[in-house]
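Q: Got a file for you: query.csv, CSV, C-alpha atoms.
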```
chain,number,residue,atom,x,y,z
A,135,SER,CA,-113.9,57.6,-17.9
A,136,GLN,CA,-110.3,56.3,-17.4
A,137,PHE,CA,-110.1,55.6,-21.2
A,138,GLU,CA,-110.6,57.7,-24.3
A,139,ARG,CA,-113.9,57.0,-25.8
A,140,CYS,CA,-116.5,58.6,-28.1
A,141,ASP,CA,-119.8,58.3,-26.3
A,142,SER,CA,-123.1,59.1,-28.1
A,143,PHE,CA,-123.6,62.5,-26.3
A,144,CYS,CA,-120.3,63.9,-27.7
A,145,ALA,CA,-121.0,66.6,-30.3
A,146,ALA,CA,-118.6,68.6,-32.6
A,147,GLU,CA,-120.5,71.8,-31.9
A,148,PHE,CA,-119.5,71.5,-28.2
A,149,ALA,CA,-116.0,70.4,-29.0
A,150,ALA,CA,-114.5,73.1,-26.7
A,151,ASP,CA,-116.2,71.5,-23.7
A,152,HIS,CA,-116.6,67.9,-24.8
A,153,CYS,CA,-113.0,67.3,-26.0
A,154,SER,CA,-111.7,67.9,-22.5
A,155,MET,CA,-113.5,64.8,-21.3
A,156,CYS,CA,-112.0,61.3,-21.7
A,157,LYS,CA,-115.5,60.1,-22.8
A,158,CYS,CA,-115.1,62.2,-26.0
A,159,LYS,CA,-111.4,62.4,-26.6
A,160,GLY,CA,-111.6,59.4,-28.9
A,161,CYS,CA,-114.0,61.2,-31.4
A,162,ASP,CA,-112.6,62.2,-34.8
A,163,PHE,CA,-113.7,65.8,-34.3
A,164,CYS,CA,-111.6,66.0,-31.1
A,165,ALA,CA,-108.5,64.7,-33.0
A,166,LYS,CA,-109.0,67.3,-35.7
A,167,ALA,CA,-109.4,70.0,-33.0
A,168,LEU,CA,-106.2,68.9,-31.3
A,169,ALA,CA,-104.3,69.0,-34.6
A,170,THR,CA,-105.6,72.5,-35.4
A,171,ALA,CA,-104.6,73.7,-32.0
A,172,SER,CA,-101.1,72.3,-32.4
A,173,THR,CA,-100.7,74.0,-35.8
A,174,LYS,CA,-101.8,77.3,-34.4
A,175,ALA,CA,-99.4,76.9,-31.5
A,176,ALA,CA,-96.5,76.2,-33.9
A,177,GLU,CA,-97.5,79.2,-36.1
A,178,THR,CA,-97.4,81.5,-33.1
A,179,ALA,CA,-94.1,80.3,-31.8
A,180,THR,CA,-91.4,83.0,-32.2
A,181,CYS,CA,-88.7,81.9,-34.6
A,182,LYS,CA,-85.1,83.0,-35.3
A,183,SER,CA,-84.6,82.8,-39.1
A,184,ASP,CA,-81.6,81.3,-40.7
A,185,ALA,CA,-82.6,82.5,-44.1
A,186,PRO,CA,-79.9,83.8,-46.5
A,187,ILE,CA,-79.5,87.6,-46.8
A,188,GLY,CA,-82.2,89.1,-49.0
A,189,VAL,CA,-84.7,86.2,-48.5
A,190,TRP,CA,-87.9,87.4,-46.7
A,191,ASP,CA,-88.9,85.1,-43.9
A,192,SER,CA,-91.5,84.9,-41.2
A,193,ASP,CA,-90.8,85.6,-37.5
A,194,HIS,CA,-93.0,82.7,-36.5
A,195,GLU,CA,-92.7,79.0,-37.1
A,196,GLN,CA,-95.0,77.8,-39.9
A,197,CYS,CA,-95.4,75.0,-42.4
A,198,GLU,CA,-96.3,76.5,-45.8
A,199,ASP,CA,-97.2,74.6,-48.9
A,200,PHE,CA,-93.9,75.2,-50.7
A,201,CYS,CA,-91.9,73.4,-48.0
A,202,ASN,CA,-90.4,70.3,-49.7
A,203,PRO,CA,-88.8,67.3,-47.8
A,204,LYS,CA,-86.4,66.9,-50.8
A,205,GLN,CA,-85.0,70.4,-50.1
A,206,ALA,CA,-85.2,70.1,-46.3
A,207,GLN,CA,-81.6,71.1,-45.8
A,208,ASP,CA,-82.4,74.6,-47.3
A,209,HIS,CA,-86.1,74.9,-46.4
A,210,CYS,CA,-85.7,74.0,-42.7
A,211,LYS,CA,-83.5,77.1,-42.3
A,212,LEU,CA,-86.7,79.1,-43.0
A,213,CYS,CA,-89.2,79.9,-40.2
A,214,LYS,CA,-91.9,79.4,-42.9
A,215,CYS,CA,-91.0,75.6,-42.8
A,216,LYS,CA,-89.6,75.0,-39.4
A,217,ALA,CA,-93.0,73.8,-38.1
A,218,CYS,CA,-93.1,71.0,-40.7
A,219,ASP,CA,-92.5,67.4,-39.6
A,220,MET,CA,-89.5,67.1,-41.9
A,221,CYS,CA,-87.8,69.9,-39.9
A,222,GLN,CA,-88.4,68.3,-36.5
A,223,CYS,CA,-85.3,66.8,-34.9
A,224,LYS,CA,-85.5,63.1,-34.5
A,225,SER,CA,-83.3,61.4,-32.0
A,226,LYS,CA,-83.3,57.9,-30.4
A,227,LEU,CA,-80.9,59.1,-27.7
A,228,PRO,CA,-82.4,58.9,-24.2
A,229,GLY,CA,-83.4,62.2,-22.7
A,230,ASP,CA,-82.9,64.1,-26.0
A,231,SER,CA,-85.1,66.9,-27.3
A,232,ASP,CA,-87.4,66.9,-30.3
A,233,LYS,CA,-86.3,70.4,-31.2
A,234,ALA,CA,-82.8,71.4,-32.5
A,235,GLN,CA,-81.1,73.4,-29.7
A,236,CYS,CA,-77.7,74.6,-28.7
A,237,GLN,CA,-77.3,73.9,-25.0
A,238,ASP,CA,-74.4,75.2,-22.9
A,239,TRP,CA,-72.7,71.8,-22.6
A,240,CYS,CA,-72.3,71.3,-26.4
A,241,GLU,CA,-68.6,71.5,-27.4
A,242,LEU,CA,-66.9,71.9,-30.8
A,243,ALA,CA,-64.1,69.6,-29.6
A,244,LEU,CA,-66.6,66.8,-29.1
A,245,TRP,CA,-68.8,67.5,-32.2
A,246,THR,CA,-68.6,63.9,-33.5
A,247,SER,CA,-70.7,62.8,-30.5
A,248,HIS,CA,-72.5,66.0,-29.4
A,249,CYS,CA,-73.9,66.7,-32.9
A,250,LYS,CA,-75.8,63.5,-32.7
A,251,PHE,CA,-78.0,65.1,-30.0
A,252,CYS,CA,-80.9,67.3,-31.0
A,253,LYS,CA,-79.9,69.4,-28.0
A,254,CYS,CA,-76.7,70.4,-29.9
A,255,GLN,CA,-77.8,70.3,-33.5
A,256,ASP,CA,-78.7,74.1,-33.6
A,257,CYS,CA,-75.1,75.0,-32.7
A,258,GLN,CA,-73.1,76.7,-35.5
A,259,PHE,CA,-70.5,74.0,-35.7
A,260,CYS,CA,-73.3,71.3,-36.0
A,261,LYS,CA,-75.2,73.2,-38.7
A,262,GLU,CA,-72.3,74.5,-40.8
A,263,GLY,CA,-69.6,71.9,-40.0
A,264,VAL,CA,-66.2,72.4,-38.4
A,265,PRO,CA,-62.9,73.4,-40.1
A,266,CYS,CA,-61.5,70.6,-42.2
A,267,ASP,CA,-58.3,69.9,-44.1
A,268,PRO,CA,-59.4,69.5,-47.7
A,269,GLU,CA,-58.6,66.2,-49.4
A,270,ASN,CA,-57.9,68.0,-52.7
A,271,ASP,CA,-58.2,71.4,-54.5
A,272,GLN,CA,-61.9,70.8,-55.2
A,273,ASP,CA,-62.7,69.9,-51.6
A,274,SER,CA,-64.2,72.3,-49.0
A,275,SER,CA,-62.3,73.8,-46.1
A,276,ASP,CA,-65.1,73.1,-43.7
A,277,GLU,CA,-67.3,70.0,-43.1
A,278,ARG,CA,-70.5,69.9,-45.1
A,279,CYS,CA,-73.1,67.6,-46.4
A,280,GLU,CA,-73.6,68.3,-50.1
A,281,LYS,CA,-76.2,66.8,-52.3
A,282,PHE,CA,-73.9,64.4,-54.1
A,283,CYS,CA,-72.8,62.7,-50.8
A,284,ASP,CA,-74.2,59.2,-50.8
A,285,LYS,CA,-74.3,56.6,-47.9
A,286,THR,CA,-73.7,53.9,-50.5
A,287,PHE,CA,-70.2,55.3,-51.1
A,288,ALA,CA,-69.5,56.3,-47.5
A,289,SER,CA,-66.0,54.7,-47.5
A,290,GLU,CA,-65.0,57.2,-50.3
A,291,HIS,CA,-67.3,60.2,-49.7
A,292,CYS,CA,-66.7,60.4,-46.0
A,293,GLU,CA,-63.0,61.1,-46.7
A,294,LEU,CA,-64.1,64.4,-48.3
A,295,CYS,CA,-64.8,67.5,-46.2
A,296,LYS,CA,-67.8,68.2,-48.4
A,297,CYS,CA,-69.4,65.0,-47.0
A,298,LYS,CA,-68.0,64.7,-43.5
A,299,GLY,CA,-70.9,66.8,-42.1
A,300,CYS,CA,-73.5,64.2,-43.2
A,301,ASN,CA,-75.1,62.1,-40.5
A,302,PHE,CA,-74.0,58.9,-42.2
A,303,CYS,CA,-70.4,60.0,-42.0
A,304,ARG,CA,-70.5,60.8,-38.3
A,305,ASP,CA,-70.2,57.0,-37.6
A,306,HIS,CA,-67.3,56.7,-40.0
A,307,VAL,CA,-65.0,59.3,-38.3
A,308,ALA,CA,-61.5,57.9,-37.8
A,309,TYR,CA,-60.4,59.0,-34.5
A,310,PRO,CA,-56.6,59.7,-34.2
A,311,PRO,CA,-54.7,56.9,-32.5
A,312,TYR,CA,-53.9,57.3,-28.8
A,313,PRO,CA,-50.3,58.6,-28.3
A,314,PRO,CA,-47.8,55.9,-27.5
A,315,PRO,CA,-47.2,55.3,-23.8
A,316,PRO,CA,-44.2,57.0,-22.2
A,317,PRO,CA,-41.0,54.9,-22.1
A,318,LEU,CA,-40.6,52.9,-18.9
A,319,ARG,CA,-38.2,54.3,-16.4
A,320,SER,CA,-35.3,52.1,-15.2
A,321,PRO,CA,-36.4,50.3,-12.1
A,322,PRO,CA,-34.9,51.5,-8.8
A,323,PRO,CA,-31.9,49.6,-7.5
A,324,PRO,CA,-32.9,46.7,-5.2
A,325,PRO,CA,-32.9,47.4,-1.5
A,326,SER,CA,-29.7,46.5,0.3
A,327,ALA,CA,-29.6,43.1,1.8
A,328,PRO,CA,-30.0,43.0,5.6
A,329,GLY,CA,-26.7,43.8,7.4
A,330,ALA,CA,-25.2,45.5,4.3
A,331,VAL,CA,-23.1,48.6,4.9
A,332,ARG,CA,-24.0,51.7,2.9
A,333,ALA,CA,-21.4,54.5,2.6
A,334,PRO,CA,-22.4,57.9,4.0
A,335,GLU,CA,-22.7,60.9,1.8
A,336,PRO,CA,-19.8,63.4,1.6
A,337,PRO,CA,-19.8,66.3,4.1
A,338,ARG,CA,-21.8,69.4,3.2
A,339,SER,CA,-21.0,73.1,3.2
A,340,LEU,CA,-17.2,72.7,3.5
A,341,ALA,CA,-15.8,76.2,4.3
A,342,ILE,CA,-12.5,77.9,5.4
A,343,THR,CA,-13.2,79.7,8.7
A,344,ALA,CA,-9.7,81.1,9.3
A,345,ALA,CA,-6.4,81.2,7.4
A,346,GLY,CA,-2.9,82.0,8.7
A,347,CYS,CA,0.7,81.9,7.4
A,348,ALA,CA,1.0,78.2,8.1
A,349,SER,CA,-2.4,77.1,9.2
A,350,LEU,CA,-5.9,76.7,7.9
A,351,ALA,CA,-9.2,76.2,9.8
A,352,LEU,CA,-12.0,74.2,8.2
A,353,SER,CA,-15.6,73.5,9.1
A,354,TRP,CA,-18.5,71.5,7.5
A,355,HIS,CA,-21.9,70.1,8.2
A,356,ALA,CA,-22.3,66.4,9.0
A,357,PRO,CA,-23.8,64.5,6.0
A,358,PHE,CA,-26.6,62.0,5.8
A,359,ASP,CA,-25.1,58.8,7.2
A,360,LYS,CA,-27.6,56.4,5.4
A,361,GLY,CA,-27.9,54.4,8.6
A,362,THR,CA,-24.2,53.8,9.0
A,363,PRO,CA,-22.7,55.8,12.0
A,364,ILE,CA,-19.7,58.0,11.0
A,365,ASP,CA,-16.6,56.9,12.9
A,366,ALA,CA,-14.1,59.4,11.6
A,367,TYR,CA,-13.4,61.9,8.8
A,368,GLU,CA,-10.3,61.8,6.5
A,369,ILE,CA,-9.0,65.1,5.2
A,370,VAL,CA,-6.9,65.0,2.0
A,371,TYR,CA,-4.9,68.1,1.1
A,372,LYS,CA,-1.7,69.6,-0.4
A,373,PRO,CA,0.5,72.2,1.3
A,374,SER,CA,1.1,73.8,-2.1
A,375,LYS,CA,0.1,73.5,-5.7
A,376,ASP,CA,3.5,72.0,-6.7
A,377,ALA,CA,3.7,69.6,-3.7
A,378,GLY,CA,4.0,65.9,-4.4
A,379,ALA,CA,1.6,63.3,-3.0
A,380,PRO,CA,-1.3,64.7,-1.0
A,381,LEU,CA,-1.3,64.6,2.8
A,382,ARG,CA,-3.9,62.9,4.9
A,383,GLN,CA,-5.2,63.8,8.3
A,384,ASN,CA,-7.7,61.6,10.2
A,385,LEU,CA,-10.0,63.0,12.8
A,386,PRO,CA,-10.5,60.4,15.6
A,387,SER,CA,-14.1,61.3,16.2
A,388,GLY,CA,-17.0,61.3,13.7
A,389,ARG,CA,-18.8,63.8,15.8
A,390,GLU,CA,-16.2,66.6,15.0
A,391,THR,CA,-17.2,69.0,12.2
A,392,LYS,CA,-14.2,71.3,12.2
A,393,THR,CA,-10.4,71.0,12.3
A,394,GLU,CA,-7.2,73.0,11.8
A,395,LEU,CA,-4.4,72.1,9.4
A,396,THR,CA,-0.8,73.2,10.0
```
Here is a file; write its structure as structure tokens.

A:
Amino acid sequence: SQFERCDSFCAAEFAADHCSMCKCKGCDFCAKALATASTKAAETATCKSDAPIGVWDSDHEQCEDFCNPKQAQDHCKLCKCKACDMCQCKSKLPGDSDKAQCQDWCELALWTSHCKFCKCQDCQFCKEGVPCDPENDQDSSDERCEKFCDKTFASEHCELCKCKGCNFCRDHVAYPPYPPPPPLRSPPPPPSAPGAVRAPEPPRSLAITAAGCASLALSWHAPFDKGTPIDAYEIVYKPSKDAGAPLRQNLPSGRETKTELT
């Protein structure tokens, strides 16, 4: 059949064979057999215990009678309880797991969003909280979710490190404000109007190439002319330190890059 049914020939004594058929999968004895198989599979699953030191635990996931939903925060650390429904990870996030895991992409720096995923809730920082600045002397130094924390008083309790690890506080996290934008730089000067003359830069690498008793030879590199051809150079100098007004010498050609002063 294409649908699960419970036809008249289906029998519990042949459940191993009949319950593999759609014609019998709708029978009550098949549902019980499936539940038993699931329980056995959970009990045989290897388990890494998070039990406190000195507390004996199983090395397989089970759901023993003492496991209590009211103490799920403590009991779900035990392999003896990890197969219970109360310890299964429940998430409405698309593509998430139904088991608490700690995948490689989970990051402490993004715990406020990553710890909402079952795929990250088995990470140490999601289970035990992250370092926290205590609100007062009685507060914790790491984020927790203690028994007194109450969603009704979230606006007050979620300020405490002792409650910041609770799921209802994860939506009340106050993210730090974005840093202020850098100051605006002064705008560049407007481009020169068409036809405007821009003064060339000064000559570069001015050097004395020769010196005599009454003469001095100079050389330099032509500067960037900024689009204005250099017609001539003007050299300003003093024959001595105590001389009066400086002397000036003009070179008739802007193509010259050396001269001799006498």

Q: Using all atoms listed in the file, find the one residue out of A:Lys281, A:Arg139, A:His291, A:His209 that sits nearest to Cys156 in chain A.

A: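 So, comparing all the options, the nearest one is A:Arg139.
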
Q: Which residue, A:Ala356, A:Cys144, A:Cys283, A:Cys201, has the smallest gap to Leu340 in chain A when you use all atoms listed in the file?

A: A:Ala356

Q: Counting only C-alpha atoms, which of A:Leu294, A:Ala167, A:Cys215, A:Cys252 gets nearest to Glu198 in chain A?

A: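 With only C-alpha atoms as the atom set, the closest residue is A:Cys215.
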
Q: Identify, on the basis of only C-alpha atoms, every residue whose closest approach to Phe143 in chain A does not exceed 9 Å; exclude the query and any residue fewer than 3 positions from it along the same chain; express the result as a list of chain:residue names.

A: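 Result of the neighbour search: A:Cys140, A:His152, A:Cys158.
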
Q: Can you work out the spacing between CA of Ser183 in chain A and CA of Pro203 in chain A in Å, to one decimal?

A: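 Distance between the two atoms: 18.3 Å.
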
Q: Just the number, please: distance in Å from CA of Arg389 in chain A to CA of Ile342 in chain A, one decimal.

A: 18.6 Å

Q: Between A:Cys347, A:Leu242, A:Leu385, A:Cys295, which is the closest to Glu269 in chain A once you count all atoms listed in the file?

A: A:Cys295

Q: Write out as a list in words the residues lying within 12 Å of Asn202 in chain A, counting all atoms listed in the file and excluding same-chain residues fewer than 5 positions away.

A: Cys197, Gln207, Asp208, His209, Cys210, Leu212, Lys214, Cys215, Lys216, Cys218, Asp219, Met220 and Cys221 of chain A

Q: Near Pro337 in chain A, counting only C-alpha atoms, which residues have an atom at most 7 Å away, once you skip same-chain residues fewer than 4 positions from it, shown as a list in words?

A: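 Here the qualifying residues turn out to be Trp354, His355, Ala356 and Pro357 of chain A.
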
Q: Output C-alpha atoms for every residue in the selection just made, as a PDB file, in the frame of the given file.

A:
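Once everything was written out, this is selection.pdb:
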```pdb
ATOM      1  CA  TRP A 354     -18.500  71.500   7.500  1.00  0.00           C
ATOM      2  CA  HIS A 355     -21.900  70.100   8.200  1.00  0.00           C
ATOM      3  CA  ALA A 356     -22.300  66.400   9.000  1.00  0.00           C
ATOM      4  CA  PRO A 357     -23.800  64.500   6.000  1.00  0.00           C
TER       5      PRO A 357
END
```

Q: What separation in Å, quoted to one decimal, exists between CA of Asp284 in chain A and CA of Lys226 in chain A?

A: 22.4 Å

Q: Can you put N, CA, C and O atoms back into range 135-157 of chain A and show it as a short mmCIF file (atom, residue, chain, number, x, y, z; two decimals), in the coordinates of the input?

A:
```cif
data_model
loop_
_atom_site.label_atom_id
_atom_site.label_comp_id
_atom_site.auth_asym_id
_atom_site.auth_seq_id
_atom_site.Cartn_x
_atom_site.Cartn_y
_atom_site.Cartn_z
N SER A 135 -114.43 58.91 -17.52
CA SER A 135 -113.90 57.60 -17.90
C SER A 135 -112.36 57.63 -17.68
O SER A 135 -111.72 58.68 -17.74
N GLN A 136 -111.77 56.44 -17.50
CA GLN A 136 -110.30 56.30 -17.40
C GLN A 136 -109.71 56.07 -18.79
O GLN A 136 -108.48 56.04 -18.92
N PHE A 137 -110.57 55.88 -19.83
CA PHE A 137 -110.10 55.60 -21.20
C PHE A 137 -110.72 56.57 -22.15
O PHE A 137 -111.84 57.06 -21.93
N GLU A 138 -110.00 56.85 -23.24
CA GLU A 138 -110.60 57.70 -24.30
C GLU A 138 -111.64 56.99 -25.04
O GLU A 138 -111.39 55.90 -25.56
N ARG A 139 -112.83 57.62 -25.13
CA ARG A 139 -113.90 57.00 -25.80
C ARG A 139 -114.63 58.07 -26.69
O ARG A 139 -114.19 59.21 -26.74
N CYS A 140 -115.67 57.65 -27.36
CA CYS A 140 -116.50 58.60 -28.10
C CYS A 140 -117.96 58.23 -27.85
O CYS A 140 -118.58 57.49 -28.63
N ASP A 141 -118.47 58.69 -26.72
CA ASP A 141 -119.80 58.30 -26.30
C ASP A 141 -120.86 59.07 -27.21
O ASP A 141 -120.54 60.05 -27.91
N SER A 142 -122.09 58.62 -27.16
CA SER A 142 -123.10 59.10 -28.10
C SER A 142 -123.48 60.59 -27.80
O SER A 142 -123.92 61.30 -28.71
N PHE A 143 -123.27 61.10 -26.61
CA PHE A 143 -123.60 62.50 -26.30
C PHE A 143 -122.62 63.48 -26.87
O PHE A 143 -122.88 64.68 -26.95
N CYS A 144 -121.41 63.01 -27.23
CA CYS A 144 -120.30 63.90 -27.70
C CYS A 144 -120.75 64.56 -29.00
O CYS A 144 -121.23 63.89 -29.92
N ALA A 145 -120.54 65.87 -29.11
CA ALA A 145 -121.00 66.60 -30.30
C ALA A 145 -119.87 67.59 -30.71
O ALA A 145 -119.26 68.25 -29.86
N ALA A 146 -119.65 67.70 -32.04
CA ALA A 146 -118.60 68.60 -32.60
C ALA A 146 -118.89 70.05 -32.22
O ALA A 146 -117.97 70.84 -32.01
N GLU A 147 -120.19 70.43 -32.17
CA GLU A 147 -120.50 71.80 -31.90
C GLU A 147 -120.15 72.23 -30.46
O GLU A 147 -120.04 73.41 -30.15
N PHE A 148 -119.96 71.22 -29.61
CA PHE A 148 -119.50 71.50 -28.20
C PHE A 148 -118.11 70.99 -27.98
O PHE A 148 -117.76 70.60 -26.87
N ALA A 149 -117.31 70.99 -29.03
CA ALA A 149 -116.00 70.40 -29.00
C ALA A 149 -115.12 71.09 -27.87
O ALA A 149 -114.34 70.42 -27.17
N ALA A 150 -115.28 72.40 -27.68
CA ALA A 150 -114.50 73.10 -26.70
C ALA A 150 -114.67 72.51 -25.30
O ALA A 150 -113.74 72.46 -24.50
N ASP A 151 -115.91 72.06 -25.02
CA ASP A 151 -116.20 71.50 -23.70
C ASP A 151 -116.04 69.96 -23.72
O ASP A 151 -115.41 69.38 -22.83
N HIS A 152 -116.61 69.33 -24.74
CA HIS A 152 -116.60 67.90 -24.80
C HIS A 152 -115.24 67.24 -24.94
O HIS A 152 -114.96 66.17 -24.39
N CYS A 153 -114.36 67.90 -25.71
CA CYS A 153 -113.00 67.30 -26.00
C CYS A 153 -112.09 67.36 -24.82
O CYS A 153 -110.97 66.82 -24.90
N SER A 154 -112.50 67.97 -23.74
CA SER A 154 -111.70 67.90 -22.50
C SER A 154 -112.01 66.71 -21.67
O SER A 154 -111.34 66.43 -20.68
N MET A 155 -113.06 65.96 -22.09
CA MET A 155 -113.50 64.80 -21.30
C MET A 155 -112.98 63.52 -22.01
O MET A 155 -112.99 63.40 -23.24
N CYS A 156 -112.51 62.57 -21.20
CA CYS A 156 -112.00 61.30 -21.70
C CYS A 156 -113.12 60.56 -22.51
O CYS A 156 -112.82 59.80 -23.44
N LYS A 157 -114.38 60.78 -22.13
CA LYS A 157 -115.50 60.10 -22.80
C LYS A 157 -115.65 60.56 -24.25
O LYS A 157 -116.36 59.92 -25.03
#
```
